[in-house]
file structure35.cif (mmCIF, C-alpha atoms)
data_run
loop_
_atom_site.label_atom_id
_atom_site.label_comp_id
_atom_site.auth_asym_id
_atom_site.auth_seq_id
_atom_site.Cartn_x
_atom_site.Cartn_y
_atom_site.Cartn_z
CA MET A 1 -0.64 19.64 11.93
CA THR A 2 -4.01 20.99 10.86
CA ASN A 3 -7.57 19.78 11.28
CA TYR A 4 -7.74 18.16 7.88
CA LEU A 5 -4.48 16.19 7.79
CA SER A 6 -5.29 12.49 7.62
CA THR A 7 -2.81 11.09 5.12
CA TYR A 8 0.62 9.65 5.73
CA PHE A 9 3.31 8.35 3.38
CA LEU A 10 5.85 6.14 5.15
CA VAL A 11 9.25 5.92 3.43
CA SER A 12 11.80 3.18 4.04
CA HIS A 13 15.13 2.48 2.37
CA GLY A 14 14.05 -0.39 0.11
CA SER A 15 15.48 -3.87 -0.30
CA ARG A 16 15.68 -6.74 -2.76
CA ASP A 17 14.40 -8.96 0.07
CA PRO A 18 10.57 -8.73 0.13
CA ARG A 19 10.30 -9.11 3.92
CA PRO A 20 11.03 -5.46 4.85
CA LYS A 21 8.27 -4.25 2.49
CA LEU A 22 5.83 -6.73 4.05
CA GLU A 23 6.74 -5.45 7.52
CA LEU A 24 6.38 -1.84 6.37
CA ASN A 25 2.91 -2.61 5.04
CA LYS A 26 2.02 -4.25 8.38
CA LEU A 27 3.18 -1.10 10.16
CA ALA A 28 1.00 1.07 7.91
CA GLU A 29 -2.00 -1.17 8.61
CA LEU A 30 -1.34 -1.08 12.35
CA LEU A 31 -1.01 2.71 12.36
CA SER A 32 -4.18 3.09 10.32
CA GLY A 33 -6.09 1.34 13.08
CA GLN A 34 -4.41 3.35 15.85
CA ILE A 35 -4.53 6.93 14.55
CA PRO A 36 -7.98 8.48 14.85
CA LEU A 37 -9.42 10.61 12.10
CA SER A 38 -9.29 14.32 12.81
CA LYS A 39 -12.41 16.09 14.01
CA TYR A 40 -12.68 17.76 10.58
CA PHE A 41 -12.76 14.40 8.78
CA ARG A 42 -15.27 12.91 11.16
CA LYS A 43 -17.57 15.87 10.50
CA HIS A 44 -17.07 16.40 6.73
CA ASN A 45 -16.23 12.98 5.37
CA ASN A 46 -18.44 10.00 4.65
CA ILE A 47 -15.83 7.90 2.84
CA LEU A 48 -12.88 7.45 5.17
CA LYS A 49 -13.14 5.43 8.36
CA SER A 50 -9.42 5.63 9.18
CA PRO A 51 -6.48 7.76 8.01
CA VAL A 52 -5.04 7.06 4.58
CA ILE A 53 -1.58 5.57 5.08
CA THR A 54 0.66 4.15 2.39
CA THR A 55 4.27 3.16 2.01
CA GLY A 56 7.09 3.79 -0.41
CA VAL A 57 10.78 3.10 -0.77
CA LEU A 58 13.71 5.31 -1.62
CA GLU A 59 15.69 2.64 -3.44
CA LEU A 60 14.89 -0.57 -5.32
CA GLY A 61 11.22 0.32 -5.71
CA PRO A 62 9.01 -0.17 -8.76
CA LYS A 63 9.23 3.59 -9.45
CA PRO A 64 11.39 6.49 -8.25
CA LEU A 65 10.23 7.83 -4.89
CA HIS A 66 8.87 11.07 -6.36
CA GLN A 67 6.57 9.04 -8.65
CA GLN A 68 5.39 6.90 -5.73
CA ILE A 69 4.55 10.12 -3.85
CA GLU A 70 2.79 11.53 -6.91
CA ASP A 71 0.66 8.38 -7.29
CA PHE A 72 -0.41 8.65 -3.64
CA TRP A 73 -1.06 12.38 -4.07
CA GLU A 74 -3.35 11.70 -7.04
CA TYR A 75 -5.28 9.15 -4.97
CA THR A 76 -5.64 11.47 -1.97
CA ARG A 77 -6.75 14.34 -4.23
CA SER A 78 -9.56 12.11 -5.48
CA LEU A 79 -10.71 12.00 -1.83
CA ASN A 80 -10.47 15.81 -1.55
CA ILE A 81 -7.52 15.55 0.82
CA THR A 82 -5.19 18.51 0.51
CA GLN A 83 -2.27 17.58 2.76
CA MET A 84 0.04 14.67 3.30
CA GLN A 85 2.75 13.95 5.85
CA ILE A 86 5.81 12.16 4.47
CA ILE A 87 7.57 10.23 7.22
CA PRO A 88 11.03 8.74 6.57
CA LEU A 89 11.53 5.64 8.72
CA PHE A 90 15.29 5.45 9.12
CA LEU A 91 17.42 4.56 12.13
CA LEU A 92 19.66 7.63 11.84
CA PRO A 93 19.30 10.95 9.99
CA GLY A 94 21.97 10.27 7.36
CA VAL A 95 22.24 11.41 3.75
CA HIS A 96 19.06 9.61 2.69
CA VAL A 97 16.98 11.51 5.25
CA THR A 98 18.71 14.88 5.00
CA GLU A 99 19.35 15.03 1.24
CA ASP A 100 17.96 12.19 -0.90
CA ILE A 101 14.35 12.14 0.34
CA PRO A 102 14.03 15.98 0.35
CA ALA A 103 15.39 16.00 -3.23
CA GLU A 104 12.75 13.45 -4.32
CA ILE A 105 10.03 15.50 -2.60
CA GLU A 106 11.22 18.62 -4.42
CA ILE A 107 11.04 16.79 -7.78
CA PHE A 108 7.48 15.76 -6.89
CA ARG A 109 6.55 19.34 -5.90
CA GLU A 110 7.89 20.73 -9.18
CA ARG A 111 6.00 18.11 -11.22
CA VAL A 112 2.64 18.85 -9.59
CA LYS A 113 3.02 22.58 -8.93
CA THR A 114 0.67 23.63 -11.71
CA SER A 115 -2.08 21.16 -10.85
CA ALA A 116 -1.93 21.44 -7.05
CA PRO A 117 -4.67 23.43 -5.35
CA GLN A 118 -3.63 26.51 -3.39
CA ARG A 119 -4.33 24.88 -0.01
CA TRP A 120 -2.36 21.73 -0.82
CA SER A 121 0.80 21.12 1.17
CA CYS A 122 3.31 18.38 1.82
CA SER A 123 5.56 18.15 4.82
CA THR A 124 8.08 15.72 6.19
CA LYS A 125 8.67 14.56 9.70
CA ARG A 126 11.76 12.64 10.74
CA VAL A 127 11.26 9.49 12.73
CA THR A 128 14.71 8.20 13.62
#
call {"tool": "encode", "arguments": {"input": "structure35.cif", "output": "structure tokens"}}
result
Amino acid sequence: MTNYLSTYFLVSHGSRDPRPKLELNKLAELLSGQIPLSKYFRKHNNILKSPVITTGVLELGPKPLHQQIEDFWEYTRSLNITQMQIIPLFLLPGVHVTEDIPAEIEIFRERVKTSAPQRWSCSTKRVT
């Protein structure tokens, strides 16, 4: 993790039941209040007061996951943020975590490759 990383994209499975999405949003809000901004952001930023955290779903979402990631990326770019951490929130590291989510991230990377600044990066971290 670098000095300027202050964005997180939490990924869950997705459900037709709206309650898991509500709980995921509560988790993002809770984390936003618990994770301090990096020293870099405190020094060079006058917009953000807490890290930028959003949520997305692999299945049953309003858009494919790679488009959800791209929408968040566009927003964070408008804040001059050049990195994001994508965190799959799954109980076990099954096919969704090891294959499906990385495939969606790769689609996203290919779509934005030409417009991404040189210092931009995206990484994933498993939380199982």
call {"tool": "atom_distance", "arguments": {"input": "structure35.cif", "atom1": "CA of Asn46 (chain A)", "atom2": "CA of Ala28 (chain A)"}}
result
21.6 Å
call {"tool": "atom_distance", "arguments": {"input": "structure35.cif", "atom1": "CA of Gln67 (chain A)", "atom2": "CA of Gly33 (chain A)"}}
result
26.3 Å
call {"tool": "residues_near_point", "arguments": {"input": "structure35.cif", "point": "(9.1, 13.0, -5.2)", "cutoff": "10 Å", "atoms": "all atoms listed in the file", "output": "mmCIF file with C-alpha atoms, in the coordinates of the input"}}
result
data_model
loop_
_atom_site.group_PDB
_atom_site.id
_atom_site.type_symbol
_atom_site.label_atom_id
_atom_site.label_comp_id
_atom_site.auth_asym_id
_atom_site.auth_seq_id
_atom_site.Cartn_x
_atom_site.Cartn_y
_atom_site.Cartn_z
ATOM 1 C CA LEU A 58 13.710 5.310 -1.620
ATOM 2 C CA PRO A 64 11.390 6.490 -8.250
ATOM 3 C CA LEU A 65 10.230 7.830 -4.890
ATOM 4 C CA HIS A 66 8.870 11.070 -6.360
ATOM 5 C CA GLN A 67 6.570 9.040 -8.650
ATOM 6 C CA GLN A 68 5.390 6.900 -5.730
ATOM 7 C CA ILE A 69 4.550 10.120 -3.850
ATOM 8 C CA GLU A 70 2.790 11.530 -6.910
ATOM 9 C CA ASP A 71 0.660 8.380 -7.290
ATOM 10 C CA ASP A 100 17.960 12.190 -0.900
ATOM 11 C CA ILE A 101 14.350 12.140 0.340
ATOM 12 C CA PRO A 102 14.030 15.980 0.350
ATOM 13 C CA ALA A 103 15.390 16.000 -3.230
ATOM 14 C CA GLU A 104 12.750 13.450 -4.320
ATOM 15 C CA ILE A 105 10.030 15.500 -2.600
ATOM 16 C CA GLU A 106 11.220 18.620 -4.420
ATOM 17 C CA ILE A 107 11.040 16.790 -7.780
ATOM 18 C CA PHE A 108 7.480 15.760 -6.890
ATOM 19 C CA ARG A 109 6.550 19.340 -5.900
ATOM 20 C CA GLU A 110 7.890 20.730 -9.180
ATOM 21 C CA ARG A 111 6.000 18.110 -11.220
ATOM 22 C CA VAL A 112 2.640 18.850 -9.590
#
call {"tool": "closest_residue", "arguments": {"input": "structure35.cif", "among": "A:Ser6, A:Asn80, A:Thr55, A:Thr98", "to": "Pro20 (chain A)", "atoms": "all atoms listed in the file"}}
result
A:Thr55
call {"tool": "resolve_selection", "arguments": {"input": "structure35.cif", "expression": "the PyMOL selection byres ((chain A and resi 52) around 6)", "output": "list of chain:residue names"}}
result
A:Thr7, A:Pro51, A:Ile53
call {"tool": "write_last_selection", "arguments": {"input": "structure35.cif", "atoms": "C-alpha atoms", "output": "compact mmCIF listing (two decimals), in the coordinates of the input"}}
result
# COMPACT_ATOMS: atom_id res chain seq x y z
CA THR A 7 -2.81 11.09 5.12
CA PRO A 51 -6.48 7.76 8.01
CA ILE A 53 -1.58 5.57 5.08
call {"tool": "atom_distance", "arguments": {"input": "structure35.cif", "atom1": "CA of Leu37 (chain A)", "atom2": "CA of Leu89 (chain A)"}}
result
21.8 Å
call {"tool": "closest_residue", "arguments": {"input": "structure35.cif", "among": "A:Val57, A:Leu30, A:Ile35, A:Leu22", "to": "Ile87 (chain A)", "atoms": "all atoms listed in the file"}}
result
A:Val57
